[in-house]
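Let me begin by presenting the structure, written as structure tokens, before commenting on it.
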Amino acid sequence: MGKKITLTIDDRQVTAFEGEKLLWVALENDIYIPHLCAIKEEERPSASCRLCFVEVEGFSHPVTACTQEVYAGMIVKTRSPRVDRLVKSAFELLLSDHRLECAKCPKNRSCELQKIAKERKLKLRLTRLKPLEKEYAIDESMGSFVFDPSRCVLCGRCVYVDHQEVEVGAIGFTHRGLQRKVTTFGGGLLADSPCTGCGRCVEVCPVGALFFTDKAG
Amino acid sequence: MTLLEGEREVILKHVKEILDDRGTSRENLIPVLQQVQDKLGYLPDLAMQKIAAGLDIPTVDVYGIATFYNQFRMNPPGDHQFKVCMGTACYMVGGNIAIESFERRLEIREGETTPDRKFSLERVACVGCCTMAPVVLVDEEVEGHVTPTRVDGILLAFETETEKEEGKNGEGIEEKEERRSDA
């Protein structure tokens, strides 16, 4: 760990260690920055959700907080018209690929998308985009939990814990573009994969794509 | 896709040879996949599993790479390949209608092969003869202005061809039998 430094986030002085990523410094100091794909332990963040944009003084464009390292004397603003516009667009793009039926969703009220919408006063419906109509089969083969790919926002948290934490390698990103999804080898059922049913992926899922059946009610 | 008789051994042999040659570092995944596809014409599940084991990575990672790149195919090429052009011109005049007609008639989806491995269906980008749009490459032959009726026609031609061949073979056997009975 590097030496202790001071930086300013939204006019507040906070201390951090050199080399830490801005997103986690802000979150630890109760300054909220929307994020989905960020994983603290990951050395090279994928920065794919495009939600954690912030303005840093001296930078010409907003940067993603999950990839930006802190430095002494850094001055950060978590909100600006440019940041809000980027986040609004990224959020709507995510929603267009997410089956929006919150009332029927087991993660209703504990969903990260709902949290982001509330914090940033964003609408939980599409205004400019058409929904992508995906017909993915719901995988109930594991019994203790269910995988519904149509609610997946491709944050990659489940893939990370599966690969790096429990080191099972049952699920991963497959296909490309609009067809991109999290599947098992060959796209088969979880029960036919090396999945051990540990449930770590379910715990980290920010939305209702992976959920425990007992909580589904 | 179920493997043909003896195909399993061929797959195992080629994959082993290529892995032995290439080494087991993860960076070799794409070159290995390319070489295996060169040898086998496609990437069977078994080959991907063996490659994953050889490189000591999860099978799903191999599958992820193989499905990401268009150059890799998961299904064996059919005896006859239909490549439906989805370039701008063909798309505008109904290339998707042509592809749907093939899908309906062959009962497979784009990128798949019929279970008897006779026909495979693919989409390609511009073939280079946009005036004939929508274009379908039937093996190496260019078919222009492909309507659903033309799709039926193309498939009918193949059906009659196989019937003829079967008929010929049948006759051949009969002739032989006749000769035998003569002798």
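Chain labels follow the order of the structure tokens: the first chain is A, the next B, and so on; residue numbering restarts at 1 in every chain, and ligands are counted from 1 in their shown order.
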Using only C-alpha atoms, which residues sit within 10 Å of A:Leu94 once same-chain residues fewer than 2 positions away are excluded, as a PDB file with all heavy atoms, in the first residue's frame?
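Just written: around.pdb:
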ATOM      1  N   CYS A  49     -19.719  -0.978 -17.367  1.00  0.00           N
ATOM      2  CA  CYS A  49     -21.098  -0.513 -17.151  1.00  0.00           C
ATOM      3  C   CYS A  49     -21.248   0.972 -17.451  1.00  0.00           C
ATOM      4  O   CYS A  49     -22.345   1.442 -17.697  1.00  0.00           O
ATOM      5  CB  CYS A  49     -21.583  -0.847 -15.748  1.00  0.00           C
ATOM      6  SG  CYS A  49     -20.802   0.113 -14.436  1.00  0.00           S
ATOM      7  N   ARG A  50     -20.169   1.699 -17.447  1.00  0.00           N
ATOM      8  CA  ARG A  50     -20.137   3.133 -17.784  1.00  0.00           C
ATOM      9  C   ARG A  50     -21.046   3.966 -16.891  1.00  0.00           C
ATOM     10  O   ARG A  50     -21.673   4.930 -17.348  1.00  0.00           O
ATOM     11  CB  ARG A  50     -20.504   3.380 -19.272  1.00  0.00           C
ATOM     12  CG  ARG A  50     -19.873   2.447 -20.259  1.00  0.00           C
ATOM     13  CD  ARG A  50     -18.399   2.293 -20.108  1.00  0.00           C
ATOM     14  NE  ARG A  50     -17.588   3.407 -20.591  1.00  0.00           N
ATOM     15  CZ  ARG A  50     -16.293   3.521 -20.339  1.00  0.00           C
ATOM     16  NH1 ARG A  50     -15.677   2.630 -19.599  1.00  0.00           N
ATOM     17  NH2 ARG A  50     -15.617   4.545 -20.791  1.00  0.00           N
ATOM     18  N   LEU A  51     -21.139   3.607 -15.638  1.00  0.00           N
ATOM     19  CA  LEU A  51     -22.009   4.346 -14.721  1.00  0.00           C
ATOM     20  C   LEU A  51     -21.227   5.204 -13.734  1.00  0.00           C
ATOM     21  O   LEU A  51     -21.788   6.099 -13.112  1.00  0.00           O
ATOM     22  CB  LEU A  51     -22.904   3.373 -13.938  1.00  0.00           C
ATOM     23  CG  LEU A  51     -23.988   2.660 -14.726  1.00  0.00           C
ATOM     24  CD1 LEU A  51     -24.666   1.625 -13.854  1.00  0.00           C
ATOM     25  CD2 LEU A  51     -25.013   3.645 -15.254  1.00  0.00           C
ATOM     26  N   LYS A  88     -26.947   8.940 -17.562  1.00  0.00           N
ATOM     27  CA  LYS A  88     -28.341   8.746 -17.985  1.00  0.00           C
ATOM     28  C   LYS A  88     -28.405   7.836 -19.218  1.00  0.00           C
ATOM     29  O   LYS A  88     -29.221   6.913 -19.276  1.00  0.00           O
ATOM     30  CB  LYS A  88     -28.957  10.113 -18.298  1.00  0.00           C
ATOM     31  CG  LYS A  88     -30.446  10.078 -18.547  1.00  0.00           C
ATOM     32  CD  LYS A  88     -30.951  11.470 -18.945  1.00  0.00           C
ATOM     33  CE  LYS A  88     -32.332  11.347 -19.562  1.00  0.00           C
ATOM     34  NZ  LYS A  88     -32.714  12.578 -20.245  1.00  0.00           N
ATOM     35  N   SER A  89     -27.525   8.092 -20.184  1.00  0.00           N
ATOM     36  CA  SER A  89     -27.519   7.279 -21.401  1.00  0.00           C
ATOM     37  C   SER A  89     -27.091   5.851 -21.112  1.00  0.00           C
ATOM     38  O   SER A  89     -27.718   4.898 -21.587  1.00  0.00           O
ATOM     39  CB  SER A  89     -26.564   7.872 -22.436  1.00  0.00           C
ATOM     40  OG  SER A  89     -27.030   9.128 -22.835  1.00  0.00           O
ATOM     41  N   ALA A  90     -26.035   5.695 -20.307  1.00  0.00           N
ATOM     42  CA  ALA A  90     -25.556   4.348 -19.982  1.00  0.00           C
ATOM     43  C   ALA A  90     -26.634   3.575 -19.241  1.00  0.00           C
ATOM     44  O   ALA A  90     -26.854   2.387 -19.497  1.00  0.00           O
ATOM     45  CB  ALA A  90     -24.289   4.441 -19.129  1.00  0.00           C
ATOM     46  N   PHE A  91     -27.323   4.261 -18.351  1.00  0.00           N
ATOM     47  CA  PHE A  91     -28.367   3.607 -17.556  1.00  0.00           C
ATOM     48  C   PHE A  91     -29.522   3.165 -18.449  1.00  0.00           C
ATOM     49  O   PHE A  91     -30.032   2.053 -18.323  1.00  0.00           O
ATOM     50  CB  PHE A  91     -28.858   4.583 -16.470  1.00  0.00           C
ATOM     51  CG  PHE A  91     -29.750   3.936 -15.457  1.00  0.00           C
ATOM     52  CD1 PHE A  91     -29.230   3.035 -14.536  1.00  0.00           C
ATOM     53  CD2 PHE A  91     -31.102   4.220 -15.412  1.00  0.00           C
ATOM     54  CE1 PHE A  91     -30.049   2.434 -13.592  1.00  0.00           C
ATOM     55  CE2 PHE A  91     -31.928   3.623 -14.473  1.00  0.00           C
ATOM     56  CZ  PHE A  91     -31.400   2.723 -13.558  1.00  0.00           C
ATOM     57  N   GLU A  92     -29.895   4.020 -19.379  1.00  0.00           N
ATOM     58  CA  GLU A  92     -31.002   3.633 -20.262  1.00  0.00           C
ATOM     59  C   GLU A  92     -30.597   2.487 -21.187  1.00  0.00           C
ATOM     60  O   GLU A  92     -31.403   1.609 -21.484  1.00  0.00           O
ATOM     61  CB  GLU A  92     -31.508   4.831 -21.076  1.00  0.00           C
ATOM     62  CG  GLU A  92     -32.792   4.484 -21.804  1.00  0.00           C
ATOM     63  CD  GLU A  92     -33.553   5.674 -22.354  1.00  0.00           C
ATOM     64  OE1 GLU A  92     -33.204   6.823 -22.030  1.00  0.00           O
ATOM     65  OE2 GLU A  92     -34.500   5.433 -23.115  1.00  0.00           O
ATOM     66  N   SER A  96     -32.542  -1.034 -21.430  1.00  0.00           N
ATOM     67  CA  SER A  96     -33.127  -1.527 -22.685  1.00  0.00           C
ATOM     68  C   SER A  96     -32.844  -3.013 -22.873  1.00  0.00           C
ATOM     69  O   SER A  96     -33.513  -3.689 -23.651  1.00  0.00           O
ATOM     70  CB  SER A  96     -32.572  -0.736 -23.871  1.00  0.00           C
ATOM     71  OG  SER A  96     -31.226  -1.080 -24.095  1.00  0.00           O
ATOM     72  N   ASP A  97     -31.857  -3.516 -22.149  1.00  0.00           N
ATOM     73  CA  ASP A  97     -31.477  -4.925 -22.273  1.00  0.00           C
ATOM     74  C   ASP A  97     -31.867  -5.706 -21.009  1.00  0.00           C
ATOM     75  O   ASP A  97     -31.374  -6.786 -20.753  1.00  0.00           O
ATOM     76  CB  ASP A  97     -29.954  -5.004 -22.493  1.00  0.00           C
ATOM     77  CG  ASP A  97     -29.504  -6.372 -22.964  1.00  0.00           C
ATOM     78  OD1 ASP A  97     -30.364  -7.119 -23.470  1.00  0.00           O
ATOM     79  OD2 ASP A  97     -28.325  -6.685 -22.815  1.00  0.00           O
ATOM     80  N   HIS A  98     -32.757  -5.131 -20.216  1.00  0.00           N
ATOM     81  CA  HIS A  98     -33.112  -5.721 -18.924  1.00  0.00           C
ATOM     82  C   HIS A  98     -34.626  -5.811 -18.851  1.00  0.00           C
ATOM     83  O   HIS A  98     -35.314  -4.819 -19.088  1.00  0.00           O
ATOM     84  CB  HIS A  98     -32.568  -4.821 -17.806  1.00  0.00           C
ATOM     85  CG  HIS A  98     -32.983  -5.226 -16.435  1.00  0.00           C
ATOM     86  ND1 HIS A  98     -32.330  -6.198 -15.730  1.00  0.00           N
ATOM     87  CD2 HIS A  98     -34.000  -4.799 -15.638  1.00  0.00           C
ATOM     88  CE1 HIS A  98     -32.919  -6.335 -14.546  1.00  0.00           C
ATOM     89  NE2 HIS A  98     -33.936  -5.507 -14.474  1.00  0.00           N
ATOM     90  N   LEU A 113     -30.196  -1.497  -9.693  1.00  0.00           N
ATOM     91  CA  LEU A 113     -30.725  -0.575 -10.700  1.00  0.00           C
ATOM     92  C   LEU A 113     -31.705   0.394 -10.059  1.00  0.00           C
ATOM     93  O   LEU A 113     -31.703   1.594 -10.343  1.00  0.00           O
ATOM     94  CB  LEU A 113     -31.411  -1.356 -11.831  1.00  0.00           C
ATOM     95  CG  LEU A 113     -30.514  -2.155 -12.773  1.00  0.00           C
ATOM     96  CD1 LEU A 113     -31.354  -2.970 -13.737  1.00  0.00           C
ATOM     97  CD2 LEU A 113     -29.581  -1.239 -13.553  1.00  0.00           C
ATOM     98  N   LEU A 126     -37.941   3.138 -20.268  1.00  0.00           N
ATOM     99  CA  LEU A 126     -37.235   3.624 -21.449  1.00  0.00           C
ATOM    100  C   LEU A 126     -37.937   4.836 -22.019  1.00  0.00           C
ATOM    101  O   LEU A 126     -39.163   4.854 -22.131  1.00  0.00           O
ATOM    102  CB  LEU A 126     -37.167   2.515 -22.502  1.00  0.00           C
ATOM    103  CG  LEU A 126     -36.427   1.247 -22.080  1.00  0.00           C
ATOM    104  CD1 LEU A 126     -36.587   0.174 -23.131  1.00  0.00           C
ATOM    105  CD2 LEU A 126     -34.962   1.535 -21.852  1.00  0.00           C
ATOM    106  N   PRO A 131     -36.965  -1.481 -26.235  1.00  0.00           N
ATOM    107  CA  PRO A 131     -36.397  -2.626 -25.516  1.00  0.00           C
ATOM    108  C   PRO A 131     -35.880  -3.679 -26.488  1.00  0.00           C
ATOM    109  O   PRO A 131     -36.446  -3.876 -27.565  1.00  0.00           O
ATOM    110  CB  PRO A 131     -37.569  -3.155 -24.702  1.00  0.00           C
ATOM    111  CG  PRO A 131     -38.785  -2.687 -25.409  1.00  0.00           C
ATOM    112  CD  PRO A 131     -38.425  -1.407 -26.097  1.00  0.00           C
ATOM    113  N   CYS A 152     -30.307 -10.126 -16.796  1.00  0.00           N
ATOM    114  CA  CYS A 152     -28.865  -9.923 -16.596  1.00  0.00           C
ATOM    115  C   CYS A 152     -28.407  -8.614 -17.233  1.00  0.00           C
ATOM    116  O   CYS A 152     -28.800  -8.290 -18.347  1.00  0.00           O
ATOM    117  CB  CYS A 152     -28.106 -11.099 -17.210  1.00  0.00           C
ATOM    118  SG  CYS A 152     -26.330 -10.942 -17.105  1.00  0.00           S
ATOM    119  N   VAL A 153     -27.583  -7.859 -16.517  1.00  0.00           N
ATOM    120  CA  VAL A 153     -27.037  -6.610 -17.064  1.00  0.00           C
ATOM    121  C   VAL A 153     -25.562  -6.756 -17.447  1.00  0.00           C
ATOM    122  O   VAL A 153     -24.889  -5.773 -17.718  1.00  0.00           O
ATOM    123  CB  VAL A 153     -27.210  -5.425 -16.086  1.00  0.00           C
ATOM    124  CG1 VAL A 153     -28.668  -5.032 -15.982  1.00  0.00           C
ATOM    125  CG2 VAL A 153     -26.638  -5.737 -14.720  1.00  0.00           C
ATOM    126  N   LEU A 154     -25.061  -7.986 -17.468  1.00  0.00           N
ATOM    127  CA  LEU A 154     -23.699  -8.294 -17.910  1.00  0.00           C
ATOM    128  C   LEU A 154     -22.625  -7.552 -17.118  1.00  0.00           C
ATOM    129  O   LEU A 154     -21.637  -7.099 -17.684  1.00  0.00           O
ATOM    130  CB  LEU A 154     -23.542  -8.000 -19.413  1.00  0.00           C
ATOM    131  CG  LEU A 154     -24.467  -8.754 -20.358  1.00  0.00           C
ATOM    132  CD1 LEU A 154     -24.288  -8.236 -21.770  1.00  0.00           C
ATOM    133  CD2 LEU A 154     -24.203 -10.255 -20.317  1.00  0.00           C
ATOM    134  N   CYS A 155     -22.838  -7.413 -15.818  1.00  0.00           N
ATOM    135  CA  CYS A 155     -21.846  -6.716 -15.007  1.00  0.00           C
ATOM    136  C   CYS A 155     -20.603  -7.576 -14.806  1.00  0.00           C
ATOM    137  O   CYS A 155     -19.511  -7.061 -14.620  1.00  0.00           O
ATOM    138  CB  CYS A 155     -22.434  -6.315 -13.663  1.00  0.00           C
ATOM    139  SG  CYS A 155     -22.782  -7.706 -12.567  1.00  0.00           S
TER     140      CYS A 155
END
Might you pull out every residue within 7 Å of A:Cys205, with only C-alpha atoms counted and same-chain residues fewer than 5 positions away left off, and present them as a VMD selection string? chain A and resid 157 to 158 210
I need the chosen residues saved as a CSV table (one decimal), in the first residue's frame, with N, CA and C atoms.
chain,number,residue,atom,x,y,z
A,157,ARG,N,-20.0,-9.7,-12.3
A,157,ARG,CA,-19.6,-10.1,-10.9
A,157,ARG,C,-19.7,-11.6,-10.7
A,158,CYS,N,-20.7,-12.2,-11.3
A,158,CYS,CA,-20.9,-13.7,-11.1
A,158,CYS,C,-19.7,-14.4,-11.7
A,210,LEU,N,-29.9,-13.6,-11.0
A,210,LEU,CA,-29.6,-14.8,-10.2
A,210,LEU,C,-30.3,-14.6,-8.8
Chain B residues near chain A within 6 Å, closest pair each, using only C-alpha atoms, as JSON lines:
{"residue": "B:Pro58", "atom": "CA", "partner": "A:Gly169", "partner_atom": "CA", "distance": 5.0}
{"residue": "B:Val60", "atom": "CA", "partner": "A:Phe185", "partner_atom": "CA", "distance": 4.3}
{"residue": "B:Tyr63", "atom": "CA", "partner": "A:Phe185", "partner_atom": "CA", "distance": 5.9}
{"residue": "B:Gly64", "atom": "CA", "partner": "A:Thr174", "partner_atom": "CA", "distance": 4.0}
{"residue": "B:Thr67", "atom": "CA", "partner": "A:His175", "partner_atom": "CA", "distance": 4.7}
{"residue": "B:Phe68", "atom": "CA", "partner": "A:His175", "partner_atom": "CA", "distance": 4.6}
Could you give me, as a ChimeraX atom specification, the residues within 8 Å of A:Ile5, counting only C-alpha atoms and dropping anything in the same chain fewer than 4 positions from it? /A:15-18,71-73
Between atom CA of B:Arg26 and atom CA of B:Ala52, what is the distance in Å, rounded to a tenth? 9.3 Å
Just list the residues in stretch 10-212 of chain A DSSP gives strand (DSSP E or B) on the backbone, as a PyMOL selection string. chain A and resi 12-17+21+53-56+63-64+69+75-77+139+145-147+172-174+181-183+210-212
With N, CA, C and O atoms kept, could you save the residues just selected as a tab-separated table (two decimals), in the first residue's frame?
chain	number	residue	atom	x	y	z
A	12	ARG	N	-15.31	17.85	-0.21
A	12	ARG	CA	-15.00	17.22	1.08
A	12	ARG	C	-13.59	16.68	1.05
A	12	ARG	O	-13.20	16.03	0.08
A	13	GLN	N	-12.83	16.93	2.12
A	13	GLN	CA	-11.47	16.41	2.20
A	13	GLN	C	-11.55	14.95	2.64
A	13	GLN	O	-12.18	14.65	3.65
A	14	VAL	N	-10.94	14.07	1.89
A	14	VAL	CA	-10.89	12.67	2.31
A	14	VAL	C	-9.44	12.18	2.21
A	14	VAL	O	-8.66	12.68	1.40
A	15	THR	N	-9.12	11.20	3.04
A	15	THR	CA	-7.78	10.63	2.97
A	15	THR	C	-7.86	9.25	2.34
A	15	THR	O	-8.86	8.55	2.47
A	16	ALA	N	-6.80	8.90	1.67
A	16	ALA	CA	-6.75	7.60	1.01
A	16	ALA	C	-5.30	7.19	0.85
A	16	ALA	O	-4.40	7.97	1.16
A	17	PHE	N	-5.09	5.98	0.39
A	17	PHE	CA	-3.73	5.55	0.11
A	17	PHE	C	-3.46	5.70	-1.38
A	17	PHE	O	-4.34	5.45	-2.20
A	21	LYS	N	-8.21	3.00	-6.04
A	21	LYS	CA	-9.09	3.46	-7.09
A	21	LYS	C	-10.13	4.42	-6.51
A	21	LYS	O	-10.68	4.18	-5.42
A	53	PHE	N	-18.91	7.47	-13.95
A	53	PHE	CA	-18.21	8.66	-14.44
A	53	PHE	C	-18.16	9.77	-13.39
A	53	PHE	O	-19.15	10.00	-12.68
A	54	VAL	N	-17.01	10.43	-13.31
A	54	VAL	CA	-16.84	11.60	-12.47
A	54	VAL	C	-15.99	12.63	-13.22
A	54	VAL	O	-15.33	12.28	-14.19
A	55	GLU	N	-16.04	13.86	-12.75
A	55	GLU	CA	-15.17	14.90	-13.31
A	55	GLU	C	-13.97	15.06	-12.39
A	55	GLU	O	-14.13	15.15	-11.17
A	56	VAL	N	-12.79	15.04	-12.97
A	56	VAL	CA	-11.57	15.30	-12.20
A	56	VAL	C	-10.94	16.57	-12.74
A	56	VAL	O	-10.78	16.70	-13.96
A	63	VAL	N	-14.11	10.83	-16.35
A	63	VAL	CA	-13.41	9.54	-16.33
A	63	VAL	C	-14.19	8.55	-15.46
A	63	VAL	O	-14.98	8.95	-14.61
A	64	THR	N	-13.93	7.26	-15.69
A	64	THR	CA	-14.59	6.23	-14.87
A	64	THR	C	-13.84	6.11	-13.55
A	64	THR	O	-12.64	5.87	-13.53
A	69	GLU	N	-6.95	6.09	-10.58
A	69	GLU	CA	-6.23	6.04	-9.31
A	69	GLU	C	-6.22	7.41	-8.66
A	69	GLU	O	-6.18	8.42	-9.35
A	75	ILE	N	-8.85	16.83	-7.24
A	75	ILE	CA	-10.15	17.47	-6.96
A	75	ILE	C	-11.21	16.81	-7.86
A	75	ILE	O	-11.10	16.85	-9.08
A	76	VAL	N	-12.19	16.19	-7.21
A	76	VAL	CA	-13.18	15.39	-7.93
A	76	VAL	C	-14.58	15.96	-7.72
A	76	VAL	O	-14.92	16.38	-6.62
A	77	LYS	N	-15.34	15.95	-8.78
A	77	LYS	CA	-16.77	16.26	-8.67
A	77	LYS	C	-17.54	15.04	-9.19
A	77	LYS	O	-17.28	14.58	-10.29
A	139	ASP	N	-33.23	-20.74	-16.27
A	139	ASP	CA	-32.57	-21.98	-15.82
A	139	ASP	C	-32.90	-22.25	-14.35
A	139	ASP	O	-32.42	-21.55	-13.45
A	145	PHE	N	-31.25	-22.06	-6.53
A	145	PHE	CA	-31.32	-20.72	-7.13
A	145	PHE	C	-31.70	-20.82	-8.59
A	145	PHE	O	-31.67	-21.89	-9.20
A	146	VAL	N	-32.09	-19.66	-9.13
A	146	VAL	CA	-32.60	-19.59	-10.50
A	146	VAL	C	-31.77	-18.59	-11.28
A	146	VAL	O	-31.33	-17.58	-10.71
A	147	PHE	N	-31.53	-18.87	-12.55
A	147	PHE	CA	-30.83	-17.92	-13.42
A	147	PHE	C	-31.78	-17.49	-14.53
A	147	PHE	O	-32.24	-18.31	-15.32
A	172	GLY	N	-19.46	-18.14	-17.83
A	172	GLY	CA	-18.59	-17.14	-18.43
A	172	GLY	C	-19.35	-16.35	-19.47
A	172	GLY	O	-20.47	-16.71	-19.84
A	173	PHE	N	-18.72	-15.28	-19.94
A	173	PHE	CA	-19.32	-14.50	-21.01
A	173	PHE	C	-19.16	-15.25	-22.32
A	173	PHE	O	-18.08	-15.74	-22.64
A	174	THR	N	-20.24	-15.32	-23.09
A	174	THR	CA	-20.15	-15.96	-24.41
A	174	THR	C	-20.88	-15.09	-25.43
A	174	THR	O	-21.62	-14.19	-25.08
A	181	LYS	N	-23.95	-12.86	-23.56
A	181	LYS	CA	-24.66	-13.35	-22.38
A	181	LYS	C	-23.73	-14.15	-21.49
A	181	LYS	O	-22.62	-14.50	-21.89
A	182	VAL	N	-24.22	-14.41	-20.29
A	182	VAL	CA	-23.50	-15.29	-19.38
A	182	VAL	C	-24.12	-16.66	-19.53
A	182	VAL	O	-25.33	-16.82	-19.37
A	183	THR	N	-23.29	-17.64	-19.90
A	183	THR	CA	-23.81	-19.00	-20.04
A	183	THR	C	-22.78	-20.00	-19.52
A	183	THR	O	-21.67	-19.64	-19.15
A	210	LEU	N	-29.89	-13.63	-11.00
A	210	LEU	CA	-29.62	-14.82	-10.20
A	210	LEU	C	-30.27	-14.59	-8.84
A	210	LEU	O	-30.00	-13.57	-8.19
A	211	PHE	N	-31.13	-15.49	-8.42
A	211	PHE	CA	-31.76	-15.30	-7.11
A	211	PHE	C	-32.05	-16.64	-6.46
A	211	PHE	O	-32.29	-17.63	-7.14
A	212	PHE	N	-32.01	-16.63	-5.13
A	212	PHE	CA	-32.29	-17.85	-4.37
A	212	PHE	C	-33.79	-18.12	-4.40
A	212	PHE	O	-34.60	-17.20	-4.29
Can you tell me, as a ChimeraX atom specification, what residues are no more than 9 Å from B:Glu100 when counting only C-alpha atoms, ignoring any on the same chain fewer than 6 positions away? /B:109-110,148
Computed interatomic separation between atom CA of B:His14 and atom CA of B:Lys39 (Å):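 The value is 7.2 Å.
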Please identify which residues in stretch 7-207 of chain A DSSP calls helix (DSSP H, G or I) from the backbone, and express them as JSON, numbers by chain. {"A": [22, 23, 24, 25, 26, 27, 28, 81, 82, 83, 84, 85, 86, 87, 88, 89, 90, 91, 92, 93, 94, 95, 96, 102, 103, 104, 112, 113, 114, 115, 116, 117, 118, 119, 120, 149, 150, 151, 157, 158, 159, 160, 161, 162, 163, 164, 165, 177, 178, 179, 185, 186, 187, 190, 191, 192, 200, 201, 202, 203, 204]}
Could you check which of B:Arg22, B:Arg150, B:Lys16, B:Arg123 is closest to B:Ala47, using only C-alpha atoms?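 Counting only C-alpha atoms, the residue closest to B:Ala47 is B:Lys16.
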Name all residues at most 7 Å from B:Met132 (count only C-alpha atoms; drop same-chain ones fewer than 2 positions away) and give them as a list in words. Cys129, Cys130, Pro134, Val135, Gly144 and His145 of chain B
Within 12 Å of B:Gln71, counting only C-alpha atoms, which residues qualify if same-chain residues fewer than 5 places away don't, as a list of chain:residue names?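 These residues fall inside the cut-off: B:Ile30, B:Pro31, B:Leu33, B:Gln34, B:Gln35, B:Gln37, B:Asp38, B:Gly41, B:Tyr42, B:Leu43, B:Ile65, B:Ala66, B:Gly111, B:Glu122, B:Val124.
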If you keep N, CA, C and O atoms, can you produce a file of those selected residues as a PDB file, in the first residue's frame?
ATOM      1  N   ILE B  30      -6.207 -19.047 -29.025  1.00  0.00           N
ATOM      2  CA  ILE B  30      -6.774 -18.740 -30.337  1.00  0.00           C
ATOM      3  C   ILE B  30      -6.035 -19.465 -31.464  1.00  0.00           C
ATOM      4  O   ILE B  30      -6.675 -20.105 -32.298  1.00  0.00           O
ATOM      5  N   PRO B  31      -4.688 -19.442 -31.495  1.00  0.00           N
ATOM      6  CA  PRO B  31      -4.010 -20.238 -32.531  1.00  0.00           C
ATOM      7  C   PRO B  31      -4.390 -21.720 -32.492  1.00  0.00           C
ATOM      8  O   PRO B  31      -4.565 -22.341 -33.551  1.00  0.00           O
ATOM      9  N   LEU B  33      -7.255 -23.012 -31.414  1.00  0.00           N
ATOM     10  CA  LEU B  33      -8.615 -23.132 -31.962  1.00  0.00           C
ATOM     11  C   LEU B  33      -8.586 -23.044 -33.480  1.00  0.00           C
ATOM     12  O   LEU B  33      -9.254 -23.808 -34.174  1.00  0.00           O
ATOM     13  N   GLN B  34      -7.774 -22.123 -34.009  1.00  0.00           N
ATOM     14  CA  GLN B  34      -7.694 -21.960 -35.460  1.00  0.00           C
ATOM     15  C   GLN B  34      -7.155 -23.217 -36.124  1.00  0.00           C
ATOM     16  O   GLN B  34      -7.696 -23.691 -37.125  1.00  0.00           O
ATOM     17  N   GLN B  35      -6.105 -23.777 -35.532  1.00  0.00           N
ATOM     18  CA  GLN B  35      -5.508 -24.974 -36.135  1.00  0.00           C
ATOM     19  C   GLN B  35      -6.457 -26.166 -36.067  1.00  0.00           C
ATOM     20  O   GLN B  35      -6.563 -26.935 -37.020  1.00  0.00           O
ATOM     21  N   GLN B  37      -9.685 -26.027 -35.987  1.00  0.00           N
ATOM     22  CA  GLN B  37     -10.757 -25.833 -36.971  1.00  0.00           C
ATOM     23  C   GLN B  37     -10.256 -26.106 -38.387  1.00  0.00           C
ATOM     24  O   GLN B  37     -10.990 -26.646 -39.207  1.00  0.00           O
ATOM     25  N   ASP B  38      -9.001 -25.742 -38.669  1.00  0.00           N
ATOM     26  CA  ASP B  38      -8.416 -26.047 -39.975  1.00  0.00           C
ATOM     27  C   ASP B  38      -8.463 -27.538 -40.252  1.00  0.00           C
ATOM     28  O   ASP B  38      -8.767 -27.982 -41.350  1.00  0.00           O
ATOM     29  N   GLY B  41     -12.561 -28.724 -39.652  1.00  0.00           N
ATOM     30  CA  GLY B  41     -13.622 -28.009 -40.345  1.00  0.00           C
ATOM     31  C   GLY B  41     -14.553 -27.280 -39.403  1.00  0.00           C
ATOM     32  O   GLY B  41     -15.333 -26.440 -39.819  1.00  0.00           O
ATOM     33  N   TYR B  42     -14.502 -27.628 -38.137  1.00  0.00           N
ATOM     34  CA  TYR B  42     -15.322 -26.941 -37.136  1.00  0.00           C
ATOM     35  C   TYR B  42     -14.770 -27.262 -35.751  1.00  0.00           C
ATOM     36  O   TYR B  42     -13.773 -27.978 -35.628  1.00  0.00           O
ATOM     37  N   LEU B  43     -15.394 -26.692 -34.712  1.00  0.00           N
ATOM     38  CA  LEU B  43     -14.935 -26.941 -33.351  1.00  0.00           C
ATOM     39  C   LEU B  43     -15.977 -27.771 -32.594  1.00  0.00           C
ATOM     40  O   LEU B  43     -16.928 -27.221 -32.050  1.00  0.00           O
ATOM     41  N   ILE B  65     -14.608 -17.641 -26.106  1.00  0.00           N
ATOM     42  CA  ILE B  65     -13.758 -17.154 -27.194  1.00  0.00           C
ATOM     43  C   ILE B  65     -14.290 -17.661 -28.542  1.00  0.00           C
ATOM     44  O   ILE B  65     -14.399 -16.905 -29.505  1.00  0.00           O
ATOM     45  N   ALA B  66     -14.648 -18.929 -28.573  1.00  0.00           N
ATOM     46  CA  ALA B  66     -15.098 -19.532 -29.835  1.00  0.00           C
ATOM     47  C   ALA B  66     -16.406 -18.895 -30.316  1.00  0.00           C
ATOM     48  O   ALA B  66     -16.616 -18.757 -31.522  1.00  0.00           O
ATOM     49  N   GLY B 111     -26.277 -20.600 -39.039  1.00  0.00           N
ATOM     50  CA  GLY B 111     -25.069 -21.060 -38.352  1.00  0.00           C
ATOM     51  C   GLY B 111     -25.114 -22.525 -37.984  1.00  0.00           C
ATOM     52  O   GLY B 111     -24.166 -23.047 -37.417  1.00  0.00           O
ATOM     53  N   GLU B 122     -25.393 -20.335 -43.425  1.00  0.00           N
ATOM     54  CA  GLU B 122     -24.600 -19.275 -42.816  1.00  0.00           C
ATOM     55  C   GLU B 122     -25.037 -17.941 -43.377  1.00  0.00           C
ATOM     56  O   GLU B 122     -25.583 -17.871 -44.463  1.00  0.00           O
ATOM     57  N   VAL B 124     -23.372 -14.302 -44.607  1.00  0.00           N
ATOM     58  CA  VAL B 124     -22.087 -13.693 -44.950  1.00  0.00           C
ATOM     59  C   VAL B 124     -22.308 -12.221 -45.242  1.00  0.00           C
ATOM     60  O   VAL B 124     -23.435 -11.777 -45.455  1.00  0.00           O
TER      61      VAL B 124
END
